[in-house]
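For reference, entry.json (JSON, C-alpha atoms):
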```json
[["chain", "number", "residue", "atom", "x", "y", "z"],
["P", 1, "MET", "CA", 63.87, 124.45, 97.73],
["P", 2, "ALA", "CA", 63.50, 120.82, 96.72],
["P", 3, "THR", "CA", 63.44, 121.71, 93.02],
["P", 4, "CYS", "CA", 66.61, 123.82, 93.23],
["P", 5, "LEU", "CA", 68.44, 121.23, 95.35],
["P", 6, "VAL", "CA", 67.56, 118.32, 93.07],
["P", 7, "ALA", "CA", 68.38, 120.37, 89.97],
["P", 8, "GLY", "CA", 71.83, 121.20, 91.32],
["P", 9, "LEU", "CA", 72.59, 117.59, 92.27],
["P", 10, "THR", "CA", 71.29, 116.27, 88.96],
["P", 11, "CYS", "CA", 73.40, 118.71, 86.98],
["P", 12, "ALA", "CA", 76.46, 117.85, 89.10],
["P", 13, "ALA", "CA", 75.88, 114.12, 88.46],
["P", 14, "PHE", "CA", 75.59, 114.89, 84.75],
["P", 15, "TRP", "CA", 79.04, 116.50, 84.68],
["P", 16, "LEU", "CA", 80.54, 113.63, 86.68],
["P", 17, "LEU", "CA", 79.06, 111.17, 84.21],
["P", 18, "LEU", "CA", 80.46, 113.06, 81.23],
["P", 19, "GLY", "CA", 83.88, 113.20, 82.89],
["P", 20, "ASN", "CA", 83.92, 109.39, 83.05],
["P", 21, "GLY", "CA", 86.45, 109.33, 85.89],
["P", 22, "GLY", "CA", 89.03, 111.30, 83.95],
["P", 23, "GLY", "CA", 88.77, 109.13, 80.84],
["P", 24, "ILE", "CA", 87.63, 111.94, 78.51],
["P", 25, "PRO", "CA", 90.57, 113.98, 77.18],
["P", 26, "TRP", "CA", 88.58, 117.18, 76.62],
["P", 27, "LEU", "CA", 87.02, 117.00, 80.10],
["P", 28, "PRO", "CA", 89.88, 116.80, 82.59],
["P", 29, "PRO", "CA", 88.99, 116.23, 86.26],
["P", 30, "THR", "CA", 89.77, 119.84, 87.14],
["P", 31, "LEU", "CA", 87.19, 121.12, 84.67],
["P", 32, "VAL", "CA", 84.64, 118.48, 85.69],
["P", 33, "PHE", "CA", 84.82, 119.29, 89.39],
["P", 34, "SER", "CA", 84.72, 123.01, 88.59],
["P", 35, "LEU", "CA", 81.49, 122.46, 86.68],
["P", 36, "VAL", "CA", 80.14, 120.36, 89.54],
["P", 37, "ALA", "CA", 80.88, 123.14, 92.02],
["P", 38, "LEU", "CA", 79.39, 125.73, 89.66],
["P", 39, "SER", "CA", 76.18, 123.66, 89.35],
["P", 40, "LEU", "CA", 75.77, 123.46, 93.12],
["P", 41, "VAL", "CA", 76.54, 127.15, 93.64],
["P", 42, "ALA", "CA", 74.13, 128.11, 90.85],
["P", 43, "ALA", "CA", 71.39, 126.01, 92.45],
["P", 44, "GLY", "CA", 71.95, 127.78, 95.77],
["P", 45, "GLY", "CA", 71.94, 131.17, 94.08],
["P", 46, "LEU", "CA", 68.75, 130.38, 92.20],
["P", 47, "LEU", "CA", 67.09, 129.30, 95.42],
["P", 48, "ALA", "CA", 68.06, 132.54, 97.16],
["P", 49, "TRP", "CA", 66.84, 134.63, 94.21],
["P", 50, "TRP", "CA", 63.62, 132.65, 94.01],
["P", 51, "GLN", "CA", 62.84, 133.05, 97.71],
["P", 52, "ALA", "CA", 63.74, 136.73, 97.78],
["P", 53, "GLY", "CA", 61.80, 137.68, 94.66],
["P", 54, "GLU", "CA", 58.75, 135.45, 94.92],
["P", 55, "ALA", "CA", 56.53, 138.19, 96.38],
["P", 56, "ARG", "CA", 57.72, 140.97, 94.04],
["P", 57, "TRP", "CA", 58.26, 138.98, 90.86],
["P", 58, "PRO", "CA", 55.49, 136.41, 90.33],
["P", 59, "VAL", "CA", 57.19, 135.39, 87.11],
["P", 60, "ALA", "CA", 59.82, 133.66, 89.26],
["P", 61, "ALA", "CA", 57.36, 130.83, 89.88],
["P", 62, "LYS", "CA", 57.54, 130.00, 86.18],
["P", 63, "VAL", "CA", 61.13, 128.87, 86.68],
["P", 64, "GLY", "CA", 59.89, 125.80, 88.58],
["P", 65, "PRO", "CA", 58.30, 123.93, 85.66],
["P", 66, "TRP", "CA", 61.36, 124.57, 83.49],
["P", 67, "LEU", "CA", 63.64, 123.23, 86.20],
["P", 68, "GLN", "CA", 61.47, 120.17, 86.63],
["P", 69, "GLU", "CA", 61.63, 119.47, 82.90],
["P", 70, "ALA", "CA", 65.41, 119.87, 83.02],
["P", 71, "ILE", "CA", 65.61, 117.43, 85.94],
["P", 72, "CYS", "CA", 63.59, 114.85, 84.01],
["P", 73, "TYR", "CA", 65.73, 115.31, 80.90],
["P", 74, "LEU", "CA", 69.08, 115.04, 82.69],
["P", 75, "THR", "CA", 67.86, 112.11, 84.81],
["P", 76, "ALA", "CA", 66.75, 110.28, 81.67],
["P", 77, "PHE", "CA", 70.11, 111.03, 80.03],
["P", 78, "ASN", "CA", 72.11, 109.76, 83.00],
["P", 79, "ILE", "CA", 70.09, 106.58, 83.44],
["P", 80, "ALA", "CA", 70.03, 105.86, 79.70],
["P", 81, "CYS", "CA", 73.83, 106.20, 79.57],
["P", 82, "PHE", "CA", 74.20, 103.36, 82.07],
["P", 83, "GLY", "CA", 71.76, 101.29, 80.04],
["P", 84, "TRP", "CA", 73.72, 101.87, 76.81],
["P", 85, "LYS", "CA", 76.99, 101.07, 78.60],
["P", 86, "LYS", "CA", 75.68, 97.62, 79.42],
["P", 87, "LEU", "CA", 74.65, 97.01, 75.82],
["P", 88, "PHE", "CA", 78.06, 98.15, 74.55],
["P", 89, "GLY", "CA", 79.96, 95.95, 77.01],
["P", 90, "LEU", "CA", 81.31, 98.81, 79.12],
["P", 91, "GLN", "CA", 79.96, 97.44, 82.41],
["P", 92, "PHE", "CA", 80.16, 94.12, 84.25],
["P", 93, "ILE", "CA", 83.53, 93.38, 82.65],
["P", 94, "VAL", "CA", 86.10, 91.82, 85.01],
["P", 95, "PRO", "CA", 89.75, 91.52, 83.85],
["P", 96, "PRO", "CA", 90.95, 87.90, 83.66],
["P", 97, "ALA", "CA", 93.75, 88.62, 86.15],
["P", 98, "ILE", "CA", 91.16, 89.56, 88.75],
["P", 99, "ALA", "CA", 88.55, 86.96, 87.78],
["P", 100, "SER", "CA", 91.10, 84.16, 88.30],
["P", 101, "GLN", "CA", 91.70, 85.13, 91.94],
["P", 102, "PRO", "CA", 89.91, 83.29, 94.80],
["P", 103, "MET", "CA", 86.60, 84.85, 95.84],
["P", 104, "ASN", "CA", 87.83, 85.69, 99.34],
["P", 105, "GLN", "CA", 90.54, 87.88, 97.81],
["P", 106, "GLN", "CA", 88.15, 89.93, 95.68],
["P", 107, "SER", "CA", 86.70, 93.29, 96.58],
["P", 108, "GLY", "CA", 82.95, 93.74, 96.87],
["P", 109, "GLU", "CA", 82.94, 95.73, 93.65],
["P", 110, "TRP", "CA", 84.62, 93.02, 91.57],
["P", 111, "LEU", "CA", 82.41, 90.33, 93.11],
["P", 112, "THR", "CA", 79.34, 92.38, 92.18],
["P", 113, "TRP", "CA", 80.50, 92.97, 88.63],
["P", 114, "TYR", "CA", 81.43, 89.32, 88.15],
["P", 115, "TYR", "CA", 78.06, 88.17, 89.49],
["P", 116, "PHE", "CA", 76.01, 90.50, 87.30],
["P", 117, "GLY", "CA", 78.24, 89.90, 84.30],
["P", 118, "TYR", "CA", 77.89, 86.13, 84.59],
["P", 119, "SER", "CA", 74.57, 86.23, 82.75],
["P", 120, "PRO", "CA", 74.50, 88.38, 79.58],
["P", 121, "THR", "CA", 70.72, 87.95, 79.49],
["P", 122, "PHE", "CA", 70.35, 89.50, 82.95],
["P", 123, "GLY", "CA", 72.58, 92.41, 81.95],
["P", 124, "LEU", "CA", 70.44, 92.91, 78.85],
["P", 125, "LEU", "CA", 67.27, 93.00, 80.95],
["P", 126, "LEU", "CA", 68.79, 95.57, 83.30],
["P", 127, "ALA", "CA", 69.77, 97.72, 80.33],
["P", 128, "LEU", "CA", 66.28, 97.51, 78.83],
["P", 129, "ILE", "CA", 64.68, 98.52, 82.14],
["P", 130, "GLN", "CA", 66.98, 101.54, 82.37],
["P", 131, "LEU", "CA", 66.38, 102.58, 78.77],
["P", 132, "ALA", "CA", 62.61, 102.06, 78.94],
["P", 133, "GLY", "CA", 62.37, 103.92, 82.25],
["P", 134, "ALA", "CA", 64.46, 106.78, 80.92],
["P", 135, "GLY", "CA", 62.26, 107.04, 77.86],
["P", 136, "LEU", "CA", 59.10, 107.15, 79.98],
["P", 137, "LEU", "CA", 60.51, 110.06, 82.00],
["P", 138, "LEU", "CA", 60.70, 112.25, 78.93],
["P", 139, "PHE", "CA", 56.94, 112.46, 78.36],
["P", 140, "ARG", "CA", 54.46, 113.91, 80.84],
["P", 141, "ALA", "CA", 51.83, 111.25, 80.15],
["P", 142, "THR", "CA", 54.22, 108.42, 81.08],
["P", 143, "ARG", "CA", 56.50, 110.23, 83.53],
["P", 144, "LEU", "CA", 54.93, 108.86, 86.69],
["P", 145, "LEU", "CA", 55.01, 105.30, 85.37],
["P", 146, "GLY", "CA", 58.69, 105.68, 84.53],
["P", 147, "ALA", "CA", 59.45, 107.08, 87.97],
["P", 148, "VAL", "CA", 57.65, 104.20, 89.71],
["P", 149, "ILE", "CA", 59.52, 101.60, 87.66],
["P", 150, "LEU", "CA", 62.89, 103.28, 88.15],
["P", 151, "THR", "CA", 62.35, 103.87, 91.88],
["P", 152, "ALA", "CA", 62.18, 100.13, 92.58],
["P", 153, "PHE", "CA", 65.16, 99.56, 90.28],
["P", 154, "LEU", "CA", 67.32, 102.36, 91.66],
["P", 155, "LEU", "CA", 66.62, 101.71, 95.34],
["P", 156, "ASN", "CA", 67.89, 98.19, 94.86],
["P", 157, "LEU", "CA", 70.88, 99.43, 92.89],
["P", 158, "THR", "CA", 71.74, 102.03, 95.54],
["P", 159, "LEU", "CA", 71.69, 99.44, 98.31],
["P", 160, "ILE", "CA", 73.96, 97.18, 96.26],
["P", 161, "ASP", "CA", 76.42, 100.01, 95.57],
["P", 162, "ILE", "CA", 76.56, 100.99, 99.24],
["P", 163, "CYS", "CA", 76.52, 97.57, 100.89],
["P", 164, "TYR", "CA", 79.03, 96.02, 98.48],
["P", 165, "HIS", "CA", 81.38, 99.01, 98.67],
["P", 166, "LEU", "CA", 81.41, 100.09, 95.05],
["P", 167, "ASN", "CA", 83.45, 103.14, 94.13],
["P", 168, "ALA", "CA", 82.33, 106.57, 95.27],
["P", 169, "GLY", "CA", 81.39, 107.67, 91.75],
["P", 170, "ALA", "CA", 78.94, 104.79, 91.32],
["P", 171, "VAL", "CA", 77.41, 105.44, 94.74],
["P", 172, "VAL", "CA", 76.95, 109.15, 93.99],
["P", 173, "GLN", "CA", 75.29, 108.44, 90.64],
["P", 174, "ALA", "CA", 72.94, 105.86, 92.17],
["P", 175, "VAL", "CA", 71.97, 108.08, 95.12],
["P", 176, "VAL", "CA", 71.34, 111.13, 92.94],
["P", 177, "ALA", "CA", 69.33, 109.15, 90.38],
["P", 178, "THR", "CA", 67.23, 107.69, 93.21],
["P", 179, "LEU", "CA", 66.59, 111.17, 94.61],
["P", 180, "ASP", "CA", 65.61, 112.32, 91.13],
["P", 181, "VAL", "CA", 62.94, 109.68, 90.59],
["P", 182, "LEU", "CA", 61.64, 110.09, 94.15],
["P", 183, "PHE", "CA", 61.36, 113.83, 93.48],
["P", 184, "ILE", "CA", 59.45, 113.15, 90.26],
["P", 185, "MET", "CA", 57.09, 110.85, 92.17],
["P", 186, "TRP", "CA", 56.64, 113.56, 94.80],
["P", 187, "LEU", "CA", 55.52, 115.95, 92.06],
["P", 188, "HIS", "CA", 52.70, 113.48, 91.33],
["P", 189, "TYR", "CA", 51.88, 112.62, 94.93],
["P", 190, "ALA", "CA", 48.17, 113.39, 94.45],
["P", 191, "ARG", "CA", 47.91, 110.79, 91.68],
["P", 192, "LEU", "CA", 49.87, 108.29, 93.74],
["P", 193, "LEU", "CA", 47.56, 108.74, 96.72],
["P", 194, "ALA", "CA", 44.55, 108.25, 94.47],
["P", 195, "ILE", "CA", 46.05, 105.01, 93.13],
["P", 196, "PHE", "CA", 47.49, 103.42, 96.26],
["P", 197, "LEU", "CA", 45.35, 104.98, 99.02],
["P", 198, "PRO", "CA", 41.91, 105.57, 97.54],
["P", 199, "THR", "CA", 39.44, 107.24, 99.84],
["P", 200, "ALA", "CA", 36.44, 105.32, 98.62],
["P", 201, "GLU", "CA", 36.39, 101.55, 98.96],
["P", 202, "PRO", "CA", 33.93, 99.02, 97.59],
["P", 203, "GLU", "CA", 31.10, 98.13, 99.94],
["P", 204, "THR", "CA", 32.05, 94.48, 99.82],
["P", 205, "ALA", "CA", 35.39, 95.28, 101.43],
["P", 206, "SER", "CA", 33.76, 96.29, 104.73],
["P", 207, "ALA", "CA", 32.74, 92.71, 105.42],
["P", 208, "THR", "CA", 36.35, 91.54, 105.40],
["P", 209, "ARG", "CA", 37.68, 94.30, 107.67],
["P", 210, "THR", "CA", 37.15, 92.25, 110.81],
["P", 211, "LEU", "CA", 39.51, 91.00, 113.48],
["P", 212, "PRO", "CA", 39.36, 87.35, 112.35],
["P", 213, "GLY", "CA", 40.03, 88.38, 108.78],
["P", 214, "ASN", "CA", 43.03, 90.46, 109.79],
["P", 215, "LEU", "CA", 44.38, 87.63, 111.92],
["P", 216, "VAL", "CA", 44.16, 85.30, 108.96],
["P", 217, "ARG", "CA", 46.16, 87.77, 106.87],
["P", 218, "ILE", "CA", 48.83, 88.25, 109.54],
["P", 219, "SER", "CA", 49.09, 84.48, 109.97],
["P", 220, "ALA", "CA", 50.99, 84.31, 106.67],
["P", 221, "ILE", "CA", 53.90, 86.14, 108.31],
["P", 222, "LEU", "CA", 53.70, 84.34, 111.65],
["P", 223, "LEU", "CA", 53.35, 80.85, 110.17],
["P", 224, "SER", "CA", 56.26, 81.44, 107.82],
["P", 225, "LEU", "CA", 58.34, 82.50, 110.84],
["P", 226, "LEU", "CA", 57.42, 79.32, 112.73],
["P", 227, "PHE", "CA", 58.17, 77.15, 109.70],
["P", 228, "THR", "CA", 61.58, 78.78, 109.22],
["P", 229, "PHE", "CA", 62.33, 78.41, 112.94],
["P", 230, "TYR", "CA", 61.45, 74.71, 112.68],
["P", 231, "LEU", "CA", 63.82, 74.29, 109.70],
["P", 232, "SER", "CA", 66.64, 76.02, 111.56],
["P", 233, "ILE", "CA", 66.31, 73.49, 114.40],
["P", 234, "LEU", "CA", 65.86, 70.53, 112.07],
["P", 235, "LEU", "CA", 68.92, 71.28, 109.95],
["P", 236, "LYS", "CA", 71.35, 71.99, 112.76]]
```
As structure tokens, please, write out the structure in this file.
Amino acid sequence: MATCLVAGLTCAAFWLLLGNGGGIPWLPPTLVFSLVALSLVAAGGLLAWWQAGEARWPVAAKVGPWLQEAICYLTAFNIACFGWKKLFGLQFIVPPAIASQPMNQQSGEWLTWYYFGYSPTFGLLLALIQLAGAGLLLFRATRLLGAVILTAFLLNLTLIDICYHLNAGAVVQAVVATLDVLFIMWLHYARLLAIFLPTAEPETASATRTLPGNLVRISAILLSLLFTFYLSILLK
């Protein structure tokens, strides 16, 4: 179910990306949204066929790995496109007529684009992260590493798009891309558990798992809270 759902959403996001908001002459919005609907319907149909035929047709299970490869490919394509757009100056560009307006008259989207576009170096770094992460997704040996890198990147991007009220197309692309990399991480959950939650711990660690030791660790949070509270009183 998860594979079919993610595949349908990823394919739909791919068509939306190619449509470029109606800016591609040979892909009018009517055709784009028709392909989006077709992708979602096909994903639902594949899920129904898969569930109905799993017991009688064991070969149906072989569809899963192919779909997962397709998800990784389309996810890499979509993310890489946004990376290339930054390098080609197609993102973070604010028209002078809008940039000259006072900040309190700007929309959240234009403020965000102006802020990120202020530093070309930062935009370059964002593009390189997207391109490197997309490249890592294409190979099984590096796929999990790419998903981990892009998850941190895309979760932050999704929150920015939602909280700063960017256009619906940007929000959809960010949400779908985030779901894609989370799905890829889920496919490798056993490796993630082995890395981040190992069952065996060094013997030396048992000596530090005491109440005083834990209190010392927690004190970093509590003392920082007290210090900040003190500053808030001092600076009023």
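A straight line drawn from atom CA of Trp110 of chain P to atom CA of Ile162 of chain P is 13.7 Å long.
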* Skip Leu17 of chain P itself and residues of its chain fewer than 5 positions away, then list as a PyMOL selection string all residues within 9 Å of it, counting only C-alpha atoms. => chain P and resi 12+78+81+169+173
Using only C-alpha atoms, what table do you get, as a Markdown table, when you list each residue of segment 25-105 of chain P with an atom no more than 12 Å from segment 146-157 of chain P, its nearest pair of atoms, and their distance in Å rounded to one decimal, rows by chain then rising number?
```
| residue | atom | partner | partner_atom | distance |
| --- | --- | --- | --- | --- |
| P:Cys72 | CA | P:Ala147 | CA | 9.7 |
| P:Thr75 | CA | P:Ala147 | CA | 10.3 |
| P:Ala76 | CA | P:Gly146 | CA | 9.7 |
| P:Ile79 | CA | P:Leu150 | CA | 9.2 |
| P:Ala80 | CA | P:Leu150 | CA | 11.4 |
| P:Phe82 | CA | P:Leu154 | CA | 11.8 |
```
* **Nearest-residue call for Tyr115 of chain P, choices P:Leu136, P:Ile160, P:Ala2, P:Leu87, using only C-alpha atoms** => P:Ile160
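The space between atom CA of Trp66 of chain P and atom CA of Ala7 of chain P spans 10.4 Å.
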* Asked: Once you count all atoms listed in the file, which residues end up no further than 12 Å from (84.2, 112.0, 84.2) in the file's frame, shown as a ChimeraX atom specification?
  -> /P:12-36,169-170,173
Produce the centre coordinates and the three edge lengths, each in Å to one decimal, of the box along x, y and z that contains all listed atoms of segment 32-37 of chain P with 3 Å added on each side, as AutoDock Vina command-line options.
```
--center_x 82.5 --center_y 120.8 --center_z 88.9 --size_x 10.7 --size_y 10.7 --size_z 12.3
```
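Taking all atoms listed in the file into account, Cys163 of chain P lies nearest to P:Gly108 out of the set P:Gly89, P:Gly108, P:Phe122, P:Ile184.
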* To do: Go ahead and compute the interatomic distance for atom CA of Leu9 of chain P and atom CA of Thr178 of chain P, in Å to one decimal.
  => 11.3 Å
* Which is closest to Ala177 of chain P among P:Ser119, P:Thr10, P:Gln68, P:Ser100, if we use all atoms listed in the file? -> P:Thr10
Contact residues around Gly45 of chain P with all atoms listed in the file at 12 Å, ignoring same-chain residues under 4 positions, as a PDB file with C-alpha atoms, in the coordinates of the input:
```
ATOM      1  CA  MET P   1      63.870 124.450  97.730  1.00  0.00           C
ATOM      2  CA  CYS P   4      66.610 123.820  93.230  1.00  0.00           C
ATOM      3  CA  LEU P   5      68.440 121.230  95.350  1.00  0.00           C
ATOM      4  CA  GLY P   8      71.830 121.200  91.320  1.00  0.00           C
ATOM      5  CA  LEU P  38      79.390 125.730  89.660  1.00  0.00           C
ATOM      6  CA  SER P  39      76.180 123.660  89.350  1.00  0.00           C
ATOM      7  CA  LEU P  40      75.770 123.460  93.120  1.00  0.00           C
ATOM      8  CA  VAL P  41      76.540 127.150  93.640  1.00  0.00           C
ATOM      9  CA  TRP P  49      66.840 134.630  94.210  1.00  0.00           C
ATOM     10  CA  TRP P  50      63.620 132.650  94.010  1.00  0.00           C
ATOM     11  CA  GLN P  51      62.840 133.050  97.710  1.00  0.00           C
ATOM     12  CA  ALA P  52      63.740 136.730  97.780  1.00  0.00           C
TER      13      ALA P  52
END
```
